[in-house]
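J.: Dropping in data.cif, with mmCIF, C-alpha atoms.
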data_final
#
loop_
_atom_site.label_atom_id
_atom_site.label_comp_id
_atom_site.auth_asym_id
_atom_site.auth_seq_id
_atom_site.Cartn_x
_atom_site.Cartn_y
_atom_site.Cartn_z
CA MET A 1 42.66 29.75 17.63
CA SER A 2 43.89 28.94 14.17
CA LEU A 3 42.85 30.91 11.11
CA LEU A 4 40.90 27.92 9.82
CA ALA A 5 38.94 27.59 13.04
CA SER A 6 38.05 31.28 13.10
CA LEU A 7 36.95 31.12 9.47
CA ALA A 8 34.81 28.11 10.25
CA ARG A 9 33.28 29.95 13.17
CA GLY A 10 32.19 32.78 10.92
CA ALA A 11 30.56 30.49 8.37
CA GLU A 12 26.82 30.02 8.03
CA ILE A 13 25.45 27.20 10.14
CA PRO A 14 23.22 24.84 8.19
CA VAL A 15 20.13 24.15 10.27
CA PHE A 16 17.40 21.57 9.74
CA ALA A 17 14.17 22.71 11.37
CA ALA A 18 11.80 20.08 12.75
CA ILE A 19 8.69 22.20 13.21
CA GLY A 20 6.27 21.50 16.03
CA ALA A 21 3.12 23.23 17.23
CA GLY A 22 3.21 26.95 16.53
CA GLY A 23 6.70 26.73 15.02
CA LEU A 24 5.89 27.54 11.38
CA ALA A 25 5.87 31.34 11.65
CA PRO A 26 8.95 31.60 13.93
CA VAL A 27 11.01 29.39 11.62
CA GLU A 28 9.96 31.62 8.72
CA THR A 29 11.70 34.55 10.48
CA LEU A 30 14.96 32.55 10.62
CA ARG A 31 15.23 32.58 6.83
CA ARG A 32 16.19 36.24 6.92
CA ARG A 33 18.62 35.91 9.81
CA PRO A 34 22.32 36.14 8.90
CA GLY A 35 24.62 33.33 10.00
CA LEU A 36 22.01 30.62 9.57
CA ARG A 37 20.92 28.65 6.55
CA LEU A 38 17.82 26.48 6.64
CA VAL A 39 18.43 23.26 4.74
CA ASP A 40 15.93 20.71 3.47
CA THR A 41 17.45 17.49 4.77
CA PRO A 42 19.27 16.53 7.97
CA ARG A 43 22.13 15.22 5.81
CA HIS A 44 23.14 18.81 5.04
CA ALA A 45 22.57 20.14 8.53
CA ARG A 46 24.92 20.82 11.43
CA VAL A 47 22.18 21.59 13.95
CA LEU A 48 18.74 20.07 14.44
CA LEU A 49 16.39 22.85 15.49
CA VAL A 50 13.18 21.65 17.12
CA ALA A 51 10.87 24.67 16.83
CA GLY A 52 7.65 24.42 18.81
CA GLU A 53 6.26 21.65 20.94
CA VAL A 54 6.48 18.23 19.36
CA ASP A 55 3.97 15.52 20.20
CA ALA A 56 5.56 12.89 22.46
CA ALA A 57 4.28 10.27 20.02
CA HIS A 58 6.76 11.68 17.49
CA ALA A 59 9.77 11.32 19.78
CA THR A 60 11.04 8.29 17.88
CA ALA A 61 10.68 10.12 14.57
CA LEU A 62 12.68 13.01 16.02
CA GLU A 63 15.38 10.64 17.23
CA ARG A 64 15.60 9.19 13.72
CA LEU A 65 16.17 12.68 12.33
CA HIS A 66 18.79 13.30 14.99
CA ALA A 67 20.61 10.15 13.93
CA GLN A 68 20.50 11.22 10.28
CA LEU A 69 22.53 14.36 10.90
CA ALA A 70 26.16 13.68 10.08
CA ARG A 71 28.61 13.98 12.96
CA PRO A 72 29.36 16.44 14.49
CA ARG A 73 25.73 17.19 15.23
CA ALA A 74 23.80 19.16 17.83
CA THR A 75 20.21 19.83 18.88
CA VAL A 76 18.47 23.06 19.89
CA TRP A 77 15.02 23.03 21.47
CA TRP A 78 13.37 26.33 20.63
CA ARG A 79 10.19 27.00 22.63
CA ALA A 80 9.92 23.23 22.93
CA PRO A 81 10.19 20.86 25.86
CA ARG A 82 12.97 18.33 25.49
CA LEU A 83 11.94 14.94 24.21
CA PHE A 84 15.40 13.45 24.72
CA ASP A 85 18.17 14.49 27.00
CA ARG A 86 20.51 16.29 24.60
CA GLY A 87 21.11 19.75 23.25
CA GLU A 88 20.51 23.36 24.18
CA ILE A 89 17.26 25.09 25.13
CA ALA A 90 16.29 28.44 23.60
CA ASP A 91 13.20 30.32 24.72
CA GLY A 92 13.33 33.83 23.29
CA ASP A 93 12.59 35.14 19.82
CA ASP A 94 16.10 34.52 18.57
CA PRO A 95 17.66 31.05 18.83
CA THR A 96 20.83 32.15 16.98
CA GLY A 97 22.93 32.29 20.15
CA ALA A 98 21.87 28.81 21.23
CA ILE A 99 22.48 27.49 17.71
CA ARG A 100 25.98 29.03 17.70
CA ARG A 101 26.73 27.47 21.10
CA ALA A 102 25.32 24.13 19.99
CA ALA A 103 27.41 24.20 16.82
CA GLU A 104 30.54 23.93 18.99
CA THR A 105 29.42 20.60 20.42
CA ASP A 106 28.93 17.07 19.18
CA GLU A 107 26.25 14.67 20.35
CA PRO A 108 26.46 10.89 20.17
CA ASP A 109 23.75 8.80 18.58
CA GLN A 110 20.36 8.86 20.22
CA ARG A 111 19.15 5.70 18.50
CA PRO A 112 20.86 2.36 19.15
CA ASP A 113 23.16 1.24 16.36
CA LEU A 114 21.00 -1.68 15.28
CA PRO A 115 19.53 -2.48 11.86
CA PRO A 116 15.98 -1.11 11.75
CA HIS A 117 14.81 -4.49 10.53
CA PRO A 118 16.93 -7.42 11.59
CA TRP A 119 18.48 -9.63 8.94
CA GLU A 120 16.47 -12.76 8.46
CA GLY A 121 18.87 -14.99 6.63
CA ILE A 122 16.72 -17.90 5.62
CA GLY A 123 15.98 -19.39 2.22
CA PRO A 124 18.29 -20.84 -0.43
CA HIS A 125 20.37 -17.65 -0.83
CA GLY A 126 19.95 -16.19 2.62
CA GLN A 127 17.59 -13.60 1.21
CA GLY A 128 15.05 -14.10 3.96
CA GLY A 129 12.51 -16.20 2.10
CA MET A 130 11.91 -18.74 -0.61
CA GLY A 131 12.46 -18.13 -4.31
CA MET A 132 14.01 -15.24 -6.19
CA MET A 133 11.46 -12.53 -5.49
CA GLY A 134 9.78 -13.80 -2.36
CA GLY A 135 10.82 -13.37 1.19
CA THR A 136 11.49 -10.48 3.46
CA PRO A 137 15.15 -9.43 3.24
CA TYR A 138 16.00 -7.33 6.29
CA GLY A 139 12.53 -7.95 7.63
CA ARG A 140 10.79 -5.89 4.99
CA PRO A 141 8.72 -7.48 2.24
CA MET A 142 9.83 -6.98 -1.34
CA ALA A 143 7.81 -4.50 -3.33
CA MET A 144 5.52 -6.29 -5.77
CA THR A 145 3.66 -5.07 -8.83
CA ALA A 146 0.07 -3.99 -8.33
CA GLU A 147 -2.73 -2.64 -10.53
CA ASP A 148 -1.78 0.74 -11.94
CA ILE A 149 -4.26 3.59 -11.86
CA ARG A 150 -2.50 5.85 -14.35
CA ASP A 151 -1.82 4.14 -17.65
CA GLY A 152 -1.83 0.40 -17.08
CA LEU A 153 1.95 0.01 -16.81
CA ALA A 154 2.21 -1.92 -13.56
CA LEU A 155 4.96 -0.80 -11.21
CA ASP A 156 6.06 -2.10 -7.85
CA ALA A 157 4.02 -0.53 -5.07
CA TYR A 158 6.16 1.16 -2.42
CA ARG A 159 4.73 1.74 1.02
CA ALA A 160 6.31 4.13 3.49
CA ARG A 161 5.46 6.63 6.16
CA PHE A 162 6.29 10.18 5.09
CA GLY A 163 6.59 12.79 7.81
CA PRO A 164 5.95 14.17 10.38
CA PHE A 165 8.99 16.41 9.70
CA LEU A 166 9.29 16.24 5.92
CA PRO A 167 9.96 19.79 4.67
CA MET A 168 7.60 19.54 1.68
CA LEU A 169 4.65 18.43 3.82
CA PRO A 170 2.89 20.60 6.41
CA PRO A 171 4.74 20.12 9.74
CA GLY A 172 3.37 17.31 11.87
CA LEU A 173 1.48 15.65 9.01
CA ALA A 174 2.48 11.99 8.76
CA LEU A 175 1.14 10.13 5.75
CA ASP A 176 1.14 6.40 5.08
CA LEU A 177 1.49 6.41 1.32
CA THR A 178 1.54 3.68 -1.26
CA LEU A 179 3.34 4.90 -4.35
CA GLN A 180 3.77 3.41 -7.79
CA GLY A 181 6.57 5.35 -9.36
CA ASP A 182 5.65 8.89 -8.35
CA VAL A 183 1.89 8.31 -8.34
CA ILE A 184 0.09 7.95 -5.03
CA VAL A 185 -2.30 5.01 -5.17
CA ALA A 186 -3.37 4.93 -1.52
CA ALA A 187 -3.02 7.36 1.35
CA GLY A 188 -3.74 7.32 5.04
CA VAL A 189 -3.26 10.04 7.63
CA ALA A 190 -1.13 8.72 10.51
CA ALA A 191 -0.94 12.06 12.32
CA PRO A 192 -2.62 15.43 11.59
CA PRO A 193 -0.57 18.62 11.11
CA TYR A 194 0.33 20.52 14.27
CA PRO A 195 -1.78 23.54 15.17
CA GLN A 196 -0.07 26.72 14.00
CA GLY A 197 -0.78 30.27 15.01
CA ALA A 198 -3.27 32.43 13.14
CA GLU A 199 -0.35 34.28 11.51
CA SER A 200 0.46 31.13 9.51
CA ASP A 201 -2.90 31.41 7.71
CA ALA A 202 -2.04 34.89 6.42
CA PRO A 203 -1.81 35.17 2.61
CA GLY A 204 1.85 36.23 2.56
CA PRO A 205 3.42 33.25 4.34
CA CYS A 206 1.06 30.81 2.59
CA ALA A 207 2.04 32.12 -0.86
CA ALA A 208 5.71 32.10 0.15
CA ARG A 209 5.56 28.44 1.23
CA MET A 210 3.86 27.38 -1.98
CA LEU A 211 6.20 29.36 -4.23
CA ARG A 212 9.21 27.94 -2.40
CA LEU A 213 7.91 24.43 -3.09
CA MET A 214 7.59 25.36 -6.75
CA GLY A 215 11.13 26.74 -6.76
CA ILE A 216 9.91 30.19 -7.79
CA GLY A 217 11.43 33.29 -6.24
CA PRO A 218 9.15 35.92 -4.67
CA ARG A 219 9.89 38.44 -7.43
CA ALA A 220 8.58 36.07 -10.09
CA ALA A 221 5.39 35.29 -8.15
CA ARG A 222 3.29 37.74 -10.15
CA ALA A 223 4.47 36.45 -13.49
CA ARG A 224 1.91 34.54 -15.50
CA GLY A 225 4.20 31.50 -15.69
CA ALA A 226 4.09 30.98 -11.94
CA LEU A 227 0.40 30.09 -12.08
CA ALA A 228 0.68 28.21 -15.36
CA ALA A 229 3.20 25.86 -13.71
CA LEU A 230 0.41 24.49 -11.51
CA PRO A 231 -1.87 21.73 -12.80
CA ARG A 232 -5.15 22.98 -14.21
CA GLY A 233 -8.47 22.24 -12.58
CA SER A 234 -7.28 21.41 -9.06
CA GLY A 235 -8.04 24.85 -7.60
CA MET A 236 -4.35 25.37 -6.86
CA ARG A 237 -4.05 28.20 -9.40
CA ARG A 238 -7.04 29.98 -7.93
CA ARG A 239 -5.80 29.69 -4.36
CA LEU A 240 -2.24 30.78 -5.14
CA ALA A 241 -3.56 33.72 -7.18
CA ALA A 242 -5.72 34.75 -4.22
CA TRP A 243 -2.78 34.58 -1.83
CA VAL A 244 -0.51 36.53 -4.17
CA ASP A 245 -3.23 39.21 -4.36
CA GLY A 246 -3.37 39.31 -0.55
CA ALA A 247 -6.72 37.57 -0.09
CA ARG A 248 -7.35 34.83 2.47
CA VAL A 249 -8.26 31.32 1.36
CA ASP A 250 -10.80 29.61 3.59
CA GLU A 251 -11.45 26.47 1.57
CA THR A 252 -11.27 23.18 3.45
CA PRO A 253 -9.68 20.30 1.54
CA ARG A 254 -11.42 17.00 0.96
CA PRO A 255 -10.32 14.20 3.32
CA LEU A 256 -6.79 13.26 2.29
CA PRO A 257 -7.40 9.50 1.80
CA ASP A 258 -9.91 10.45 -0.95
CA ALA A 259 -8.07 13.40 -2.41
CA LEU A 260 -4.45 12.23 -2.63
CA PRO A 261 -4.68 8.99 -4.68
CA GLY A 262 -4.09 9.66 -8.36
CA ARG A 263 -1.87 12.67 -7.75
CA ASP A 264 1.84 12.48 -8.33
CA TRP A 265 4.17 13.20 -5.43
CA THR A 266 5.05 16.81 -6.28
CA GLY A 267 1.44 17.57 -7.24
CA ALA A 268 0.28 16.20 -3.89
CA ALA A 269 2.83 18.26 -1.93
CA LEU A 270 1.72 21.41 -3.81
CA TRP A 271 -1.95 20.58 -3.32
CA LEU A 272 -1.42 20.21 0.44
CA ALA A 273 0.49 23.50 0.52
CA SER A 274 -2.36 25.25 -1.31
CA PHE A 275 -4.59 25.17 1.78
CA ALA A 276 -4.25 27.26 4.92
CA PRO A 277 -2.60 25.18 7.70
CA SER A 278 -5.59 25.47 10.03
CA ARG A 279 -7.99 24.25 7.31
CA LEU A 280 -5.77 21.30 6.48
CA ARG A 281 -5.61 20.37 10.15
CA ALA A 282 -9.40 20.58 10.37
CA ALA A 283 -9.74 18.26 7.36
CA CYS A 284 -7.37 15.72 8.94
CA LEU A 285 -9.12 15.81 12.30
CA LYS A 286 -12.67 15.54 10.97
CA PRO A 287 -12.76 11.79 10.23
CA GLU A 288 -11.85 11.04 13.87
CA ALA A 289 -14.66 13.23 15.19
CA ALA A 290 -17.25 11.72 12.85
CA MET B 1 54.07 -8.27 -21.23
CA THR B 2 53.48 -4.54 -20.65
CA GLU B 3 50.30 -4.73 -22.75
CA ILE B 4 48.83 -7.12 -20.19
CA ALA B 5 50.42 -5.64 -17.07
CA MET B 6 49.41 -2.02 -17.69
CA PRO B 7 45.60 -2.52 -17.80
CA LEU B 8 45.91 -4.90 -14.86
CA VAL B 9 47.74 -2.28 -12.79
CA LEU B 10 45.19 0.39 -13.83
CA VAL B 11 42.29 -1.84 -12.80
CA LEU B 12 43.97 -2.58 -9.46
CA LEU B 13 44.55 1.15 -8.90
CA ALA B 14 40.92 1.93 -9.73
CA VAL B 15 39.67 -0.75 -7.36
CA ALA B 16 41.98 0.47 -4.59
CA PHE B 17 40.80 4.05 -5.18
CA ALA B 18 37.13 3.07 -4.99
CA TRP B 19 37.74 0.99 -1.89
CA GLY B 20 39.67 3.84 -0.26
CA LEU B 21 36.88 6.32 -1.03
CA GLN B 22 34.40 3.97 0.55
CA ARG B 23 36.51 3.63 3.67
CA LEU B 24 37.33 7.34 4.02
CA GLY B 25 34.15 8.91 2.62
CA PRO B 26 31.41 10.62 4.62
CA GLU B 27 29.41 7.41 4.96
CA ALA B 28 32.34 5.45 6.39
CA GLY B 29 31.51 4.06 9.77
CA ALA B 30 27.95 5.39 9.56
CA THR B 31 25.56 3.85 12.05
CA TRP B 32 22.41 2.01 11.02
CA PRO B 33 20.01 4.85 11.87
CA HIS B 34 22.27 7.30 10.02
CA ARG B 35 22.10 5.23 6.84
CA ALA B 36 18.29 5.05 6.82
CA PRO B 37 16.54 6.97 4.02
CA PHE B 38 15.26 10.42 4.97
CA LEU B 39 11.46 10.37 5.12
CA GLY B 40 11.02 13.11 7.68
CA GLY B 41 11.10 10.70 10.61
CA GLY B 42 9.05 7.97 8.95
CA VAL B 43 10.30 4.58 7.84
CA PRO B 44 9.75 2.61 4.65
CA GLN B 45 7.55 -0.45 4.99
CA THR B 46 8.74 -2.23 1.87
CA HIS B 47 12.20 -3.19 0.73
CA ALA B 48 14.09 -0.62 -1.31
CA TRP B 49 14.74 -3.14 -4.09
CA GLN B 50 11.94 -2.54 -6.54
CA ARG B 51 11.34 -2.63 -10.24
CA TRP B 52 10.60 0.45 -12.28
CA HIS B 53 9.08 0.48 -15.71
CA ALA B 54 11.33 2.13 -18.26
CA ARG B 55 8.48 3.94 -19.95
CA TYR B 56 10.40 4.79 -23.12
CA TYR B 57 11.15 1.14 -23.81
CA PRO B 58 8.39 0.38 -26.42
CA MET B 59 9.48 3.50 -28.32
CA THR B 60 13.09 2.28 -28.21
CA LEU B 61 11.99 -1.08 -29.55
CA LEU B 62 10.21 0.53 -32.47
CA PHE B 63 13.19 2.76 -33.23
CA ILE B 64 15.58 -0.20 -33.24
CA ALA B 65 13.27 -2.16 -35.56
CA PHE B 66 13.13 0.61 -38.17
CA GLU B 67 16.77 1.53 -37.78
CA MET B 68 17.92 -2.06 -38.38
CA GLU B 69 15.83 -2.08 -41.56
CA MET B 70 17.58 1.02 -42.85
CA MET B 71 21.04 -0.27 -41.88
CA PHE B 72 20.56 -3.38 -43.96
CA MET B 73 18.71 -1.68 -46.82
CA TYR B 74 21.52 0.66 -47.86
CA PRO B 75 24.08 -2.06 -48.73
CA TRP B 76 21.25 -4.19 -50.05
CA ALA B 77 20.20 -1.45 -52.50
CA VAL B 78 23.78 -1.35 -53.86
CA VAL B 79 23.89 -5.05 -54.73
CA TYR B 80 20.21 -5.53 -55.52
CA ILE B 81 20.50 -5.20 -59.32
CA GLU B 82 23.28 -7.80 -59.70
CA THR B 83 21.93 -10.29 -57.12
CA GLY B 84 18.30 -10.09 -58.27
CA THR B 85 15.49 -12.28 -56.92
CA LYS B 86 17.65 -13.86 -54.23
CA ALA B 87 18.22 -10.42 -52.65
CA LEU B 88 14.52 -9.68 -52.79
CA ALA B 89 13.73 -12.94 -50.96
CA GLU B 90 16.41 -12.26 -48.33
CA MET B 91 15.08 -8.76 -47.68
CA GLY B 92 11.57 -10.17 -47.45
CA MET B 93 12.68 -12.64 -44.76
CA PHE B 94 14.55 -9.94 -42.88
CA LEU B 95 11.60 -7.54 -42.93
CA GLY B 96 9.34 -10.40 -41.88
CA ILE B 97 11.40 -11.03 -38.77
CA LEU B 98 11.63 -7.33 -37.91
CA SER B 99 7.91 -6.80 -38.42
CA VAL B 100 7.27 -9.28 -35.60
CA GLY B 101 8.94 -6.74 -33.31
CA ILE B 102 6.82 -3.96 -34.77
CA LEU B 103 3.65 -6.02 -34.27
CA TYR B 104 4.71 -6.62 -30.66
CA GLY B 105 5.19 -2.89 -30.22
CA TRP B 106 1.75 -2.32 -31.71
CA ARG B 107 0.26 -4.69 -29.16
CA GLU B 108 2.08 -2.79 -26.38
CA GLY B 109 0.39 0.40 -27.55
CA VAL B 110 3.42 2.18 -28.98
CA PHE B 111 1.39 3.70 -31.83
CA ARG B 112 -1.19 5.20 -29.46
CA TRP B 113 -0.67 8.88 -28.99
CA GLN B 114 -1.08 9.76 -25.29
#
Output the file's structure in the form of structure tokens.
T.:
Amino acid sequence: MSLLASLARGAEIPVFAAIGAGGLAPVETLRRRPGLRLVDTPRHARVLLVAGEVDAAHATALERLHAQLARPRATVWWRAPRLFDRGEIADGDDPTGAIRRAAETDEPDQRPDLPPHPWEGIGPHGQGGMGMMGGTPYGRPMAMTAEDIRDGLALDAYRARFGPFLPMLPPGLALDLTLQGDVIVAAGVAAPPYPQGAESDAPGPCAARMLRLMGIGPRAARARGALAALPRGSGMRRRLAAWVDGARVDETPRPLPDALPGRDWTGAALWLASFAPSRLRAACLKPEAA
Amino acid sequence: MTEIAMPLVLVLLAVAFAWGLQRLGPEAGATWPHRAPFLGGGVPQTHAWQRWHARYYPMTLLFIAFEMEMMFMYPWAVVYIETGTKALAEMGMFLGILSVGILYGWREGVFRWQ
């Protein structure tokens, strides 16, 4: 083995964690484990770690993540049944060994190498429709301006599905959002968050998740500025203060389609993180039961 | 000859460099699903080509209007005494044109403090 290869073997392995049911608390323990580094996007990752059982309905979403890891890539299924036939399986408390083994391998694409929306070359310039702004280039309609709810400056409305494995959203939560700039103008819940264990509702992990979203280290959590960084009047300050003091927060959020519009993207991510995972899941499930 | 050839060679080198980076870079040969934007497994439903409002633009417009006034007023003040009424009329026309821009900014709400 060359010196370079042995050095590379000793390096930290960047891991992107796609968290499934009951995977939130176990992934939290990986942050302290040497030799691994949890990253926020699959672009920076070497290994895709699927932690906890993932709904079969999200198999395509998982395959998309898999394809977004740069080659060489690998998959580890930690306490999760395989949804596609690649990668290593890890069952115990420590997936490090499986991740190390996986990091020696390379997996080919899981998704077919086809454009997600086929090119529809019609119209005078092949743009897929008639006129300058019309049409559906690559099968997706152009964004068009819509009424603005913030200050009257109309921006193009952008519609997309965010989640279910977006690191700033609770794992499993898939949102159909319409954004103008960074302001959410309409929201729909496509999939509720996965059930997590009771340990995920504990004040410590909840505060840690929220502070990490805010980019504030744990030592600065008790500083006055940490709370002042949150928008006033949304209850976020109160809930984070309670968590930092070690108290449980049992508030249930309003239904997301009512509560999210009007918030900006980062404010919405923080607002979602300011509720205990079980309460947020309850709020997302309630409209279906009613 | 060199004056023309040198920039031409530099431009060709720059183009070749950019092209080479594109061919050798991390995204070279990337598959379609790899190039998709990262939305945590979701997909965008609208095209990525969209217009954003440059929110500072009315303020820029106002700044330019007043700055142009000042730029012209300094040399104007130097020659004002010897040129006389003609200079006054010219400055009046100039300010008239610029004030149209300021009125437009007013209509766009640039003077509202938010």
J.: Find the residues around range 219-226 of chain A up to 9 Å (all atoms listed in the file counted), leave out those fewer than 6 positions away in its own chain, and share them as a PyMOL selection string.
T.: chain A and resi 207-208+211+237+241+244-245
J.: Compute the chain B side of the contact with chain A at 12 Å, counting only C-alpha atoms, and hand it back as a ChimeraX atom specification.
T.: /B:25-58,108-109,112,114
J.: For Leu62 in chain B, which residue among B:Ala16, B:Thr2, B:Leu8, B:Leu103 is the nearest when counting only C-alpha atoms?
T.: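 Checking each of B:Ala16, B:Thr2, B:Leu8, B:Leu103 against Leu62 in chain B, counting only C-alpha atoms, the winner is B:Leu103.
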J.: Do you have the CA of Ser278 in chain A-CA of Asp250 in chain A distance handy?
T.: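 Going from CA of Ser278 in chain A over to CA of Asp250 in chain A covers 9.3 Å.
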J.: Using all atoms listed in the file, which protein or nucleic acid residues come within 8 Å of Trp77 in chain A? Drop anything in the same chain fewer than 3 positions from it, and give the result as number ranges by chain.
T.: A: 49-52, 80-82, 87-90
J.: Go ahead and save the picked residues with C-alpha atoms, as a short mmCIF file (atom, residue, chain, number, x, y, z; two decimals), in the frame of the given file.
T.:
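Now in out-v1.cif:
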data_model
loop_
_atom_site.label_atom_id
_atom_site.label_comp_id
_atom_site.auth_asym_id
_atom_site.auth_seq_id
_atom_site.Cartn_x
_atom_site.Cartn_y
_atom_site.Cartn_z
CA LEU A 49 16.39 22.85 15.49
CA VAL A 50 13.18 21.65 17.12
CA ALA A 51 10.87 24.67 16.83
CA GLY A 52 7.65 24.42 18.81
CA ALA A 80 9.92 23.23 22.93
CA PRO A 81 10.19 20.86 25.86
CA ARG A 82 12.97 18.33 25.49
CA GLY A 87 21.11 19.75 23.25
CA GLU A 88 20.51 23.36 24.18
CA ILE A 89 17.26 25.09 25.13
CA ALA A 90 16.29 28.44 23.60
#
J.: With only C-alpha atoms as the counted atoms, please give the residues lying no more than 10 Å from Thr266 in chain A, apart from itself and same-chain residues fewer than 4 positions off, as a list in words.
T.: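 Contacts, with the query itself left out: Met168, Asp182, Val183, Leu213, Met214, Leu270, Trp271 and Leu272 of chain A.
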J.: Which polymer residues, whether protein, DNA or RNA, lie within 9 Å of the coordinate (1.2, 20.5, -7.0) when you count all atoms listed in the file? List them as a list in words, using the chain letters and numbers from the file.
T.: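 Applying the cut-off with all atoms listed in the file, one gets Met210, Leu213, Met214, Ala229, Leu230, Pro231, Ser234, Met236, Arg263, Asp264, Trp265, Thr266, Gly267, Ala268, Ala269, Leu270, Trp271, Leu272, Ala273 and Ser274 of chain A.
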J.: Taking the file as I've supplied it (selection: the PyMOL selection byres ((chain A and resi 258) around 12)), which residues are included? Please answer as a ChimeraX atom specification.
T.: /A:184-189,253-257,259-263,283-284,287
J.: Give as a VMD selection string the residues that the PyMOL selection byres ((chain B and resi 94) around 12) matches when applied to the coordinates above.
T.: chain B and resid 65 to 66 68 to 73 76 87 to 93 95 to 101
J.: Report, in Å with one decimal, the straight-line distance from CA of Pro193 in chain A to CA of Pro14 in chain A.
T.: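 Result for CA of Pro193 in chain A versus CA of Pro14 in chain A: 24.8 Å, one decimal.
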J.: Work out how far CA of Leu179 in chain A is from CA of Trp113 in chain B, in Å to one decimal.
T.: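 These atoms are spaced 25.3 Å apart.
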J.: Could you give me, as a ChimeraX atom specification, the residues within 7 Å of range 8-11 of chain A, counting all atoms listed in the file and dropping anything in the same chain fewer than 3 positions from it?
T.: /A:4-5,35
J.: For Thr105 in chain A, work out the shell of residues within 12 Å, counting all atoms listed in the file and skipping chain neighbours fewer than 2 positions away, then give it as a PyMOL selection string.
T.: chain A and resi 46-47+71-76+86-88+98-103+107-108
J.: Would you mind exporting C-alpha atoms of the selected residues as an mmCIF file, in the frame of the given file?
T.:
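Ended up saving to again.cif:
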data_model
loop_
_atom_site.group_PDB
_atom_site.id
_atom_site.type_symbol
_atom_site.label_atom_id
_atom_site.label_comp_id
_atom_site.auth_asym_id
_atom_site.auth_seq_id
_atom_site.Cartn_x
_atom_site.Cartn_y
_atom_site.Cartn_z
ATOM 1 C CA ARG A 46 24.920 20.820 11.430
ATOM 2 C CA VAL A 47 22.180 21.590 13.950
ATOM 3 C CA ARG A 71 28.610 13.980 12.960
ATOM 4 C CA PRO A 72 29.360 16.440 14.490
ATOM 5 C CA ARG A 73 25.730 17.190 15.230
ATOM 6 C CA ALA A 74 23.800 19.160 17.830
ATOM 7 C CA THR A 75 20.210 19.830 18.880
ATOM 8 C CA VAL A 76 18.470 23.060 19.890
ATOM 9 C CA ARG A 86 20.510 16.290 24.600
ATOM 10 C CA GLY A 87 21.110 19.750 23.250
ATOM 11 C CA GLU A 88 20.510 23.360 24.180
ATOM 12 C CA ALA A 98 21.870 28.810 21.230
ATOM 13 C CA ILE A 99 22.480 27.490 17.710
ATOM 14 C CA ARG A 100 25.980 29.030 17.700
ATOM 15 C CA ARG A 101 26.730 27.470 21.100
ATOM 16 C CA ALA A 102 25.320 24.130 19.990
ATOM 17 C CA ALA A 103 27.410 24.200 16.820
ATOM 18 C CA GLU A 107 26.250 14.670 20.350
ATOM 19 C CA PRO A 108 26.460 10.890 20.170
#
